[in-house]
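Below is the file target18.cif, which contains mmCIF, C-alpha atoms and all ligand atoms.
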data_query
#
loop_
_atom_site.label_atom_id
_atom_site.label_comp_id
_atom_site.auth_asym_id
_atom_site.auth_seq_id
_atom_site.Cartn_x
_atom_site.Cartn_y
_atom_site.Cartn_z
CA MET A 1 -3.36 -2.03 40.60
CA GLY A 2 -1.14 -4.32 42.68
CA LYS A 3 -4.16 -5.83 44.36
CA ILE A 4 -5.85 -6.61 41.05
CA LYS A 5 -2.69 -8.27 39.74
CA PHE A 6 -2.51 -10.25 42.94
CA LYS A 7 -6.13 -11.38 42.57
CA ILE A 8 -5.52 -12.46 38.97
CA LEU A 9 -2.47 -14.37 40.15
CA ILE A 10 -4.50 -16.16 42.85
CA VAL A 11 -7.20 -17.11 40.33
CA LEU A 12 -4.50 -18.41 37.98
CA ILE A 13 -2.83 -20.42 40.74
CA LEU A 14 -6.22 -21.90 41.73
CA ALA A 15 -7.00 -22.76 38.12
CA ILE A 16 -3.60 -24.40 37.64
CA SER A 17 -3.81 -26.36 40.88
CA CYS A 18 -7.32 -27.62 40.06
CA PHE A 19 -6.09 -28.67 36.64
CA SER A 20 -3.03 -30.48 37.96
CA PHE A 21 -5.16 -32.12 40.65
CA THR A 22 -7.45 -33.50 37.93
CA LEU A 23 -4.40 -34.72 36.01
CA ASN A 24 -3.04 -36.44 39.11
CA ALA A 25 -6.40 -37.93 39.95
CA GLN A 26 -6.64 -39.38 36.46
CA ASN A 27 -3.11 -40.71 36.14
CA LYS A 28 -2.36 -41.36 39.80
CA PRO A 29 1.36 -41.67 39.05
CA ASN A 30 2.39 -41.23 42.69
CA GLU A 31 2.04 -38.79 45.52
CA ASN A 32 5.54 -37.35 45.18
CA MET A 33 4.78 -33.67 45.21
CA THR A 34 7.38 -31.37 43.81
CA LEU A 35 8.84 -28.33 45.56
CA SER A 36 6.56 -25.33 45.06
CA PRO A 37 7.93 -22.36 43.08
CA SER A 38 8.39 -20.41 46.33
CA GLU A 39 10.26 -23.32 47.96
CA GLN A 40 12.49 -23.56 44.89
CA SER A 41 13.19 -19.84 45.22
CA ILE A 42 14.07 -20.20 48.89
CA VAL A 43 16.68 -22.84 47.98
CA ALA A 44 18.19 -20.64 45.25
CA ILE A 45 18.22 -17.46 47.39
CA ALA A 46 19.83 -19.20 50.36
CA ALA A 47 22.47 -20.98 48.26
CA LEU A 48 23.51 -17.84 46.34
CA THR A 49 23.61 -15.69 49.49
CA ALA A 50 25.77 -18.24 51.29
CA LYS A 51 28.10 -18.35 48.28
CA GLY A 52 28.25 -14.56 48.06
CA ASP A 53 27.18 -14.65 44.39
CA LEU A 54 25.34 -11.35 44.58
CA SER A 55 24.63 -10.77 40.89
CA ASN A 56 22.86 -14.12 40.49
CA LEU A 57 21.25 -13.52 43.87
CA LYS A 58 19.53 -10.45 42.41
CA THR A 59 17.91 -12.60 39.73
CA ALA A 60 16.89 -15.20 42.34
CA LEU A 61 15.38 -12.51 44.61
CA ASN A 62 13.30 -11.16 41.73
CA ALA A 63 12.20 -14.70 40.90
CA GLY A 64 11.28 -15.31 44.55
CA LEU A 65 9.02 -12.26 44.66
CA GLU A 66 7.45 -13.29 41.34
CA ALA A 67 6.91 -16.78 42.77
CA GLY A 68 4.82 -15.27 45.56
CA LEU A 69 7.25 -14.97 48.48
CA SER A 70 6.51 -11.91 50.58
CA ILE A 71 9.17 -9.32 51.39
CA ASN A 72 9.12 -10.47 55.02
CA GLN A 73 9.57 -14.12 54.09
CA ILE A 74 12.64 -13.31 52.00
CA LYS A 75 14.03 -11.10 54.78
CA GLU A 76 13.56 -14.03 57.14
CA VAL A 77 15.43 -16.38 54.76
CA LEU A 78 18.33 -13.91 54.69
CA VAL A 79 18.32 -13.53 58.48
CA HIS A 80 17.93 -17.26 59.25
CA LEU A 81 20.96 -18.19 57.20
CA TYR A 82 23.37 -16.12 59.29
CA ALA A 83 23.25 -18.96 61.83
CA TYR A 84 24.82 -21.21 59.21
CA CYS A 85 27.14 -18.94 57.21
CA GLY A 86 27.66 -15.83 59.34
CA PHE A 87 26.58 -12.19 59.50
CA PRO A 88 28.73 -10.96 56.58
CA ARG A 89 26.91 -13.14 54.00
CA SER A 90 23.54 -12.46 55.65
CA ILE A 91 24.04 -8.69 55.63
CA ARG A 92 25.29 -8.69 52.02
CA GLY A 93 22.14 -10.62 51.17
CA LEU A 94 19.92 -8.09 52.93
CA GLN A 95 21.68 -5.19 51.21
CA THR A 96 21.24 -6.87 47.81
CA PHE A 97 17.55 -7.38 48.60
CA MET A 98 17.18 -3.66 49.44
CA GLU A 99 18.62 -2.82 46.00
CA VAL A 100 16.25 -5.26 44.30
CA LEU A 101 13.23 -3.77 46.08
CA ASP A 102 14.32 -0.22 45.12
CA GLU A 103 14.72 -1.23 41.48
CA ARG A 104 11.32 -2.89 41.43
CA LYS A 105 9.67 0.11 43.08
CA ALA A 106 11.23 2.36 40.43
CA LYS A 107 9.62 0.14 37.79
CA GLY A 108 6.24 0.52 39.50
CA ILE A 109 6.12 -3.03 40.83
CA SER A 110 4.52 -3.28 44.24
CA ASP A 111 5.46 -6.38 46.23
CA ILE A 112 3.60 -7.93 49.14
CA THR A 113 5.08 -7.08 52.53
CA GLY A 114 3.59 -10.12 54.26
CA THR A 115 3.00 -10.79 57.92
CA GLU A 116 5.40 -10.13 60.78
CA ALA A 117 6.36 -12.84 63.26
CA SER A 118 3.68 -13.50 65.93
CA LEU A 119 4.42 -12.88 69.57
CA ILE A 120 5.83 -15.97 71.27
CA GLN A 121 3.12 -17.58 73.43
CA GLU A 122 5.23 -20.52 74.59
CA LYS A 123 5.97 -20.64 78.30
CA GLY A 124 9.13 -22.01 79.83
CA SER A 125 12.76 -21.04 79.60
CA LYS A 126 14.23 -20.26 76.24
CA TYR A 127 16.63 -23.19 76.68
CA ASP A 128 13.75 -25.62 77.22
CA ARG A 129 11.79 -24.17 74.30
CA GLY A 130 14.78 -24.58 72.00
CA LYS A 131 15.24 -28.11 73.24
CA LYS A 132 11.59 -28.84 72.48
CA VAL A 133 11.87 -27.45 68.92
CA LEU A 134 15.00 -29.52 68.34
CA GLY A 135 13.14 -32.59 69.60
CA GLU A 136 10.28 -31.91 67.16
CA LEU A 137 12.70 -31.51 64.25
CA THR A 138 14.84 -34.56 64.96
CA GLN A 139 11.93 -36.64 66.33
CA MET A 140 14.30 -37.76 69.05
CA PRO A 141 14.31 -36.98 72.76
CA GLN A 142 17.17 -34.62 73.54
CA PRO A 143 19.77 -36.19 75.85
CA ALA A 144 19.99 -34.87 79.41
CA THR A 145 23.78 -34.74 79.37
CA LEU A 146 26.07 -33.12 76.82
CA SER A 147 28.39 -35.20 74.68
CA GLY A 148 30.82 -34.73 71.80
CA TYR A 149 31.50 -31.15 70.75
CA SER A 150 28.97 -29.69 73.19
CA ALA A 151 30.65 -31.45 76.15
CA PHE A 152 33.99 -30.20 74.82
CA ALA A 153 32.76 -26.58 74.56
CA PRO A 154 29.57 -26.44 76.66
CA ILE A 155 28.83 -22.76 75.95
CA ILE A 156 27.84 -23.66 72.37
CA ASP A 157 24.89 -25.69 73.72
CA PRO A 158 22.79 -22.75 75.08
CA PHE A 159 23.78 -20.70 72.01
CA LEU A 160 22.39 -23.37 69.72
CA LYS A 161 19.29 -24.18 71.76
CA GLU A 162 18.32 -20.70 73.00
CA HIS A 163 19.24 -18.67 70.01
CA LEU A 164 19.02 -20.86 66.92
CA PHE A 165 16.22 -23.26 67.90
CA ALA A 166 14.20 -20.86 70.11
CA ASP A 167 14.84 -17.25 68.97
CA ILE A 168 15.08 -18.04 65.27
CA PHE A 169 12.96 -21.18 64.76
CA GLU A 170 10.05 -19.89 66.86
CA ARG A 171 9.52 -16.98 64.47
CA ASP A 172 6.55 -18.11 62.37
CA VAL A 173 7.32 -16.02 59.27
CA LEU A 174 8.74 -19.21 57.78
CA THR A 175 7.61 -22.80 58.35
CA TYR A 176 10.04 -25.42 59.67
CA VAL A 177 10.16 -26.91 56.17
CA GLU A 178 11.12 -23.54 54.68
CA ARG A 179 13.76 -23.02 57.39
CA GLU A 180 15.24 -26.44 56.74
CA LEU A 181 15.35 -25.75 53.00
CA VAL A 182 17.38 -22.62 53.81
CA THR A 183 19.65 -24.65 56.08
CA ILE A 184 20.44 -27.48 53.66
CA SER A 185 21.07 -24.95 50.88
CA VAL A 186 23.53 -22.99 52.97
CA ILE A 187 25.33 -26.10 54.23
CA SER A 188 25.60 -27.36 50.64
CA ALA A 189 26.98 -24.00 49.54
CA ILE A 190 29.67 -23.73 52.21
CA GLY A 191 30.83 -27.35 51.83
CA GLY A 192 32.87 -29.44 54.24
CA ALA A 193 29.97 -29.86 56.67
CA GLU A 194 28.64 -33.28 55.62
CA PRO A 195 27.56 -34.45 59.11
CA MET A 196 25.36 -31.35 59.46
CA LEU A 197 23.96 -31.83 55.96
CA ARG A 198 23.17 -35.44 56.85
CA SER A 199 21.26 -34.50 60.02
CA HIS A 200 19.35 -31.69 58.32
CA LEU A 201 18.37 -33.91 55.36
CA ASN A 202 16.99 -36.35 57.93
CA ILE A 203 15.07 -33.49 59.55
CA CYS A 204 13.66 -32.62 56.10
CA LEU A 205 12.36 -36.20 55.78
CA ASN A 206 10.92 -36.02 59.31
CA LEU A 207 9.08 -32.86 58.31
CA GLY A 208 7.50 -34.63 55.34
CA LEU A 209 9.67 -33.60 52.42
CA THR A 210 9.87 -36.54 49.99
CA PRO A 211 12.97 -38.12 48.39
CA THR A 212 11.77 -36.64 45.09
CA GLN A 213 11.67 -33.14 46.58
CA LEU A 214 15.15 -33.56 48.06
CA ASN A 215 16.48 -34.70 44.70
CA GLU A 216 14.86 -31.63 43.21
CA PHE A 217 16.75 -29.62 45.82
CA THR A 218 20.13 -30.98 44.64
CA GLY A 219 19.05 -30.10 41.09
CA ILE A 220 18.62 -26.47 42.18
CA ILE A 221 22.04 -26.58 43.89
CA LYS A 222 23.48 -27.65 40.51
CA SER A 223 21.80 -24.87 38.57
CA THR A 224 22.63 -22.16 41.11
CA LEU A 225 26.04 -23.19 42.45
CA GLY A 226 27.45 -25.78 40.06
CA GLU A 227 28.35 -29.44 39.73
CA LYS A 228 30.90 -29.61 42.55
CA GLU A 229 28.43 -28.51 45.22
CA GLU A 230 25.68 -30.65 43.70
CA LYS A 231 27.85 -33.79 43.70
CA GLU A 232 28.78 -33.35 47.35
CA ALA A 233 25.17 -32.75 48.38
CA GLN A 234 23.91 -35.63 46.21
CA LYS A 235 26.41 -38.03 47.79
CA VAL A 236 25.13 -37.25 51.28
CA LEU A 237 21.49 -37.35 50.11
CA ASN A 238 21.98 -40.78 48.52
CA GLU A 239 23.45 -42.09 51.80
CA VAL A 240 20.53 -40.67 53.77
CA LEU A 241 17.92 -42.11 51.39
CA LYS A 242 19.44 -45.60 51.68
CA THR A 243 18.16 -45.72 55.25
CA VAL A 244 14.63 -44.73 54.28
CA PRO A 245 11.95 -47.29 53.31
CA ILE A 246 11.39 -47.32 49.55
CA PHE A 247 7.65 -46.79 49.91
CA PRO A 248 5.89 -44.81 52.63
CA LYS A 249 4.68 -46.74 55.65
CA GLY A 250 1.26 -45.09 55.81
CA GLU A 251 -1.08 -45.32 58.77
CA LYS A 252 -1.53 -47.95 61.45
CA ILE A 253 -4.60 -50.01 60.55
CA THR A 254 -7.25 -51.21 62.93
CA SER A 255 -8.83 -54.29 61.41
CA LYS A 256 -10.06 -57.56 62.88
CA ASN A 257 -8.52 -59.25 59.84
CA PHE A 258 -4.96 -58.70 61.10
CA SER A 259 -3.03 -59.61 64.27
CA GLY A 260 -0.37 -57.31 65.69
CA THR A 261 0.68 -53.90 64.47
CA VAL A 262 0.27 -53.34 60.74
CA TYR A 263 0.63 -50.18 58.62
CA LEU A 264 -0.98 -49.62 55.24
CA LYS A 265 -0.32 -47.13 52.48
CA MET A 266 -2.71 -47.60 49.56
CA MET A 267 -0.99 -46.54 46.35
CA GLY A 268 -3.27 -47.53 43.51
CA ALA A 269 -6.98 -47.72 44.11
CA SER A 270 -9.11 -50.26 42.29
CA ASP A 271 -10.23 -49.06 38.88
CA THR A 272 -12.26 -50.32 35.96
CA ALA A 273 -9.42 -50.03 33.43
CA LEU A 274 -6.57 -52.06 35.01
CA HIS A 275 -8.65 -54.17 37.43
CA THR A 276 -5.96 -53.97 40.10
CA SER A 277 -5.35 -52.19 43.35
CA PHE A 278 -2.10 -52.10 45.32
CA GLY A 279 -0.62 -50.80 48.52
CA ASN A 280 2.39 -51.05 50.79
CA VAL A 281 1.82 -53.18 53.89
CA THR A 282 4.31 -53.06 56.79
CA PHE A 283 4.11 -55.66 59.58
CA GLU A 284 5.90 -55.31 62.91
CA PRO A 285 7.54 -58.55 64.16
CA LYS A 286 4.89 -61.31 64.67
CA ALA A 287 2.16 -59.24 62.95
CA ARG A 288 0.21 -61.07 60.27
CA THR A 289 -2.99 -61.32 58.29
CA ASN A 290 -5.82 -63.71 59.16
CA TRP A 291 -6.38 -66.68 56.88
CA HIS A 292 -7.96 -65.36 53.68
CA SER A 293 -8.21 -65.77 49.92
CA HIS A 294 -8.51 -63.49 46.90
CA PRO A 295 -11.13 -64.30 44.23
CA GLY A 296 -8.95 -62.50 41.65
CA GLY A 297 -5.52 -63.62 42.96
CA GLN A 298 -2.74 -61.54 44.47
CA ILE A 299 0.94 -60.72 43.96
CA LEU A 300 3.26 -59.85 46.86
CA LEU A 301 6.53 -57.98 46.19
CA ILE A 302 8.78 -58.02 49.26
CA THR A 303 10.53 -54.71 49.89
CA GLU A 304 11.84 -54.98 53.42
CA GLY A 305 12.74 -57.39 56.22
CA LYS A 306 11.82 -61.01 56.71
CA GLY A 307 8.42 -62.69 56.71
CA TYR A 308 6.34 -65.64 55.57
CA TYR A 309 3.65 -66.70 53.12
CA GLN A 310 1.73 -69.87 53.80
CA ALA A 311 -0.98 -71.55 51.74
CA LYS A 312 -3.31 -73.71 53.83
CA GLY A 313 -2.00 -77.27 54.15
CA GLU A 314 1.47 -76.37 52.86
CA PRO A 315 4.67 -75.41 54.63
CA ALA A 316 5.27 -71.69 55.17
CA GLN A 317 7.61 -70.02 52.72
CA LEU A 318 10.33 -67.66 54.02
CA LEU A 319 10.33 -64.32 52.21
CA CYS A 320 13.02 -61.62 52.17
CA GLN A 321 13.58 -58.34 50.36
CA GLY A 322 13.49 -58.93 46.60
CA ASP A 323 11.28 -62.06 46.76
CA PHE A 324 7.82 -62.22 45.25
CA VAL A 325 4.83 -64.54 45.52
CA GLU A 326 2.04 -65.18 43.02
CA ILE A 327 -1.03 -66.30 44.90
CA PRO A 328 -3.59 -68.06 42.70
CA ARG A 329 -7.29 -67.25 42.86
CA ASN A 330 -9.17 -68.55 45.91
CA VAL A 331 -6.16 -70.18 47.62
CA VAL A 332 -6.55 -69.79 51.39
CA HIS A 333 -3.35 -68.32 52.88
CA TRP A 334 -1.77 -65.82 55.26
CA HIS A 335 1.24 -63.51 55.06
CA GLY A 336 3.12 -61.56 57.71
CA ALA A 337 6.33 -60.81 59.56
CA ALA A 338 8.83 -63.22 61.07
CA PRO A 339 8.91 -63.31 64.89
CA ASP A 340 12.15 -61.29 64.98
CA SER A 341 11.88 -58.94 62.00
CA GLU A 342 9.76 -56.20 60.53
CA PHE A 343 8.41 -57.09 57.09
CA ALA A 344 7.04 -55.00 54.24
CA HIS A 345 5.53 -55.94 50.92
CA ILE A 346 3.59 -54.36 48.12
CA ALA A 347 0.33 -56.27 47.84
CA VAL A 348 -1.21 -56.19 44.38
CA SER A 349 -4.81 -57.32 44.14
CA LEU A 350 -5.64 -58.60 40.68
CA ASN A 351 -8.93 -58.92 38.79
CA THR A 352 -10.60 -56.78 41.39
CA ASP A 353 -13.94 -56.98 39.57
CA ASP A 354 -14.14 -60.55 40.90
CA GLY A 355 -14.41 -59.22 44.45
CA GLY A 356 -12.31 -58.32 47.46
CA ALA A 357 -10.50 -60.62 49.90
CA VAL A 358 -12.56 -63.32 51.61
CA TRP A 359 -11.56 -63.39 55.28
CA SER A 360 -11.69 -66.20 57.80
CA GLY A 361 -10.25 -66.75 61.29
CA PRO A 362 -6.91 -65.62 62.68
CA VAL A 363 -3.67 -67.56 62.35
CA THR A 364 -3.45 -68.78 65.95
CA ASP A 365 -0.27 -68.32 67.98
CA GLU A 366 0.21 -72.07 67.79
CA GLU A 367 -0.15 -72.17 64.00
CA TYR A 368 2.15 -69.17 63.71
CA SER A 369 4.93 -70.54 65.91
CA GLN A 370 4.66 -73.96 64.21
CA SER A 371 5.05 -72.37 60.77
CA THR A 372 7.79 -69.89 61.56
CA LYS A 373 10.10 -71.92 63.79
MN MN A 401 -3.32 -62.19 50.61
#
Output the file's structure as structure tokens, nothing else.
Amino acid sequence: MGKIKFKILIVLILAISCFSFTLNAQNKPNENMTLSPSEQSIVAIAALTAKGDLSNLKTALNAGLEAGLSINQIKEVLVHLYAYCGFPRSIRGLQTFMEVLDERKAKGISDITGTEASLIQEKGSKYDRGKKVLGELTQMPQPATLSGYSAFAPIIDPFLKEHLFADIFERDVLTYVERELVTISVISAIGGAEPMLRSHLNICLNLGLTPTQLNEFTGIIKSTLGEKEEKEAQKVLNEVLKTVPIFPKGEKITSKNFSGTVYLKMMGASDTALHTSFGNVTFEPKARTNWHSHPGGQILLITEGKGYYQAKGEPAQLLCQGDFVEIPRNVVHWHGAAPDSEFAHIAVSLNTDDGGAVWSGPVTDEEYSQSTK
């Protein structure tokens, strides 16, 4: 009975995801995925447990199971959060979950138990393993010497690294993303821990959560905890997002048509209806395009840093964030970063039916230094 329901659910989920994929493929609004129903549930469960709002927690636990979280995943959420709000809240959460499961069993609902944590294969001391996990999360090498609070009270350092980042984080019942969603929910619920919220929101971005998903997160904080908690979390999130590029950087490109290190994120592919294509191009200092022209013209919208546009035979034009350039059809030109600054622009190719860029030779170091001095 349970299995059949589960199969129907899977077929439904597949059907819905195929449908929404088609929608996205047609409209191509953006790639900002939303939090999945199970991720939304994780946020609500963690926030309500940390707050000790057990009656609303019951509703959230039921919703989490309905959204497809396994019993073991929810247990793991309730255990993980003790590191951030203490055993009493964690244990009250687990006890509430036991009640919910009993009630559901009495109604004949059978929930999925889910997998247990795998055995740890990692070698090395627990301290080093925790340090490694922390490095992966923060994308920063961990300092060799202690500073700040951990120099002041050094015993907290092995507790954090060995227990939180090794013992807890190495358990693969939840992904790092799911664990961080638990963490930011709990920190938002307890309040007064803005520096920790700031670092964990940055970790969320490192792990690939998008600004849209994090704004969705604060929306769930509002609906589960209230406006006060949401405002505090939103304030920290807004500060964090100010330091993040507006558009994703994309992948490093290897092309003989560019000099230096350049990243590209295509956003709108060429199509027969709008006759345009556009992408975000990020140039490291000194990086630039070769000389080229566009049969259909091009628009550049500068989003970051300092760079130049130069049409052949004319002086180079300095470009900063907020500037734009309209490049007429077939005008030979180059664009790229200043010698001392990164530079990013959205490049919009127009009238794409008239053909792609026509490339010629590189902008020599001499030409570049002459134009950008
Ligand atoms: Mn161009």
Item to complete: Report as an NGL selection string which protein, DNA and RNA residues come within 12 Å of ligand MN 401 (chain A), using all atoms listed in the file.
Response: :A and (257-258 or 278-279 or 281 or 288-301 or 308-312 or 325-336 or 345-350 or 356-360)
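The spacing separating CA of Arg92 (chain A) from CA of Ser36 (chain A) amounts to 26.0 Å.
Here the question is which of A:Leu214, A:Val363, A:Leu35, A:Ala337 gets nearest to Lys256 (chain A) using all atoms listed in the file, and that residue is A:Val363.
As for CA of Tyr84 (chain A) and CA of Leu197 (chain A), they are spaced 11.1 Å apart.
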Discussion item. The residues within 9 Å of (-2.1, -50.9, 53.0), using all atoms listed in the file and the coordinates of the file, should be reported as an NGL selection string; which are they?
Written reply: :A and (249-253 or 262-267 or 278-282 or 346-347)
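With CA of Gly130 (chain A) on one side and CA of Phe169 (chain A) on the other, the separation reads 8.2 Å.
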Practice prompt. List the neighbours of Phe217 (chain A) out to 10 Å using all atoms listed in the file; skip same-chain residues closer than 5 positions along the sequence, and give me the result as a PyMOL selection string.
Written response: chain A and resi 34-35+39-40+43-44+181+184-185+211-212+222+230+233-234
Write the residues of the selection above to a file with C-alpha atoms, as a PDB file, in the frame of the given file.
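Below is the file that was written, part-v4.pdb:
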ATOM      1  CA  THR A  34       7.380 -31.370  43.810  1.00  0.00           C
ATOM      2  CA  LEU A  35       8.840 -28.330  45.560  1.00  0.00           C
ATOM      3  CA  GLU A  39      10.260 -23.320  47.960  1.00  0.00           C
ATOM      4  CA  GLN A  40      12.490 -23.560  44.890  1.00  0.00           C
ATOM      5  CA  VAL A  43      16.680 -22.840  47.980  1.00  0.00           C
ATOM      6  CA  ALA A  44      18.190 -20.640  45.250  1.00  0.00           C
ATOM      7  CA  LEU A 181      15.350 -25.750  53.000  1.00  0.00           C
ATOM      8  CA  ILE A 184      20.440 -27.480  53.660  1.00  0.00           C
ATOM      9  CA  SER A 185      21.070 -24.950  50.880  1.00  0.00           C
ATOM     10  CA  PRO A 211      12.970 -38.120  48.390  1.00  0.00           C
ATOM     11  CA  THR A 212      11.770 -36.640  45.090  1.00  0.00           C
ATOM     12  CA  LYS A 222      23.480 -27.650  40.510  1.00  0.00           C
ATOM     13  CA  GLU A 230      25.680 -30.650  43.700  1.00  0.00           C
ATOM     14  CA  ALA A 233      25.170 -32.750  48.380  1.00  0.00           C
ATOM     15  CA  GLN A 234      23.910 -35.630  46.210  1.00  0.00           C
TER      16      GLN A 234
END
Discussion item. Using all atoms listed in the file, which protein or nucleic acid residues come within 10 Å of region 236-238 of chain A? Drop anything in the same chain fewer than 5 positions from it, and give the result as an MDAnalysis selection string.
Written reply: chainID A and resid 188 194:195 197:199 201:202 211 214:215 218 231 243
Fill in: Selection: 8 Å around Lys58 (chain A), only C-alpha atoms, excl. self and same-chain fewer than 6 positions, as a PyMOL selection string
chain A and resi 96-97+100
Counting only C-alpha atoms, what is within 12 Å of Gly124 (chain A), bar same-chain residues fewer than 6 positions away, as a PDB file with C-alpha atoms, keeping the file's coordinate frame?
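Saved the output as around-v4.pdb:
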ATOM      1  CA  GLY A 130      14.780 -24.580  72.000  1.00  0.00           C
ATOM      2  CA  LYS A 131      15.240 -28.110  73.240  1.00  0.00           C
ATOM      3  CA  LYS A 132      11.590 -28.840  72.480  1.00  0.00           C
ATOM      4  CA  GLU A 162      18.320 -20.700  73.000  1.00  0.00           C
ATOM      5  CA  ALA A 166      14.200 -20.860  70.110  1.00  0.00           C
TER       6      ALA A 166
END
Around all of region 43-55 of chain A's listed atoms, make the axis-aligned box with 4 Å on each side and tell me centre and edge lengths in Å to one decimal, as AutoDock Vina command-line options.
--center_x 22.5 --center_y -16.8 --center_z 46.1 --size_x 19.6 --size_y 20.1 --size_z 18.4
Discussion item. Give me, as number ranges by chain, all polymer residues having an atom no more than 7 Å from Thr261 (chain A), counting all atoms listed in the file and skipping those fewer than 3 positions away in the same chain.
Written reply: A: 283-284, 287
Go ahead and save the picked residues with C-alpha atoms, as a PDB file, in the frame of the given file.
ATOM      1  CA  PHE A 283       4.110 -55.660  59.580  1.00  0.00           C
ATOM      2  CA  GLU A 284       5.900 -55.310  62.910  1.00  0.00           C
ATOM      3  CA  ALA A 287       2.160 -59.240  62.950  1.00  0.00           C
TER       4      ALA A 287
END
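A search radius of 8 Å centred on (13.7, -55.6, 50.7), applied to all atoms listed in the file, returns the residues Ile302, Thr303, Glu304, Gly305, Cys320, Gln321, Gly322, Asp323 and Ala344 of chain A.
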When you write region 355-368 of chain A out from the block above, keep N, CA and C atoms and present the result as a compact mmCIF listing (two decimals), in the first residue's frame, please.
# COMPACT_ATOMS: atom_id res chain seq x y z
N GLY A 355 24.51 36.77 -38.18
CA GLY A 355 25.78 36.05 -38.00
C GLY A 355 26.49 36.40 -36.70
N GLY A 356 27.39 35.52 -36.30
CA GLY A 356 28.14 35.70 -35.06
C GLY A 356 29.32 36.65 -35.25
N ALA A 357 30.07 36.86 -34.16
CA ALA A 357 31.21 37.79 -34.19
C ALA A 357 32.22 37.38 -35.25
N VAL A 358 32.82 38.38 -35.87
CA VAL A 358 33.89 38.15 -36.85
C VAL A 358 35.21 38.52 -36.16
N TRP A 359 36.07 37.52 -35.98
CA TRP A 359 37.28 37.72 -35.16
C TRP A 359 38.50 38.01 -36.00
N SER A 360 39.35 38.91 -35.49
CA SER A 360 40.68 39.05 -36.11
C SER A 360 41.73 38.96 -35.00
N GLY A 361 42.90 39.53 -35.23
CA GLY A 361 44.05 39.28 -34.35
C GLY A 361 43.92 39.86 -32.95
N PRO A 362 44.82 39.46 -32.05
CA PRO A 362 44.78 39.95 -30.69
C PRO A 362 45.13 41.44 -30.58
N VAL A 363 44.68 42.05 -29.50
CA VAL A 363 45.10 43.40 -29.15
C VAL A 363 46.48 43.23 -28.52
N THR A 364 47.52 43.69 -29.20
CA THR A 364 48.88 43.41 -28.71
C THR A 364 49.12 44.13 -27.38
N ASP A 365 50.13 43.66 -26.65
CA ASP A 365 50.46 44.31 -25.37
C ASP A 365 50.76 45.79 -25.58
N GLU A 366 51.38 46.10 -26.71
CA GLU A 366 51.70 47.50 -27.00
C GLU A 366 50.43 48.31 -27.21
N GLU A 367 49.52 47.77 -28.05
CA GLU A 367 48.25 48.47 -28.29
C GLU A 367 47.48 48.65 -26.97
N TYR A 368 47.49 47.58 -26.17
CA TYR A 368 46.75 47.60 -24.91
C TYR A 368 47.32 48.66 -23.96
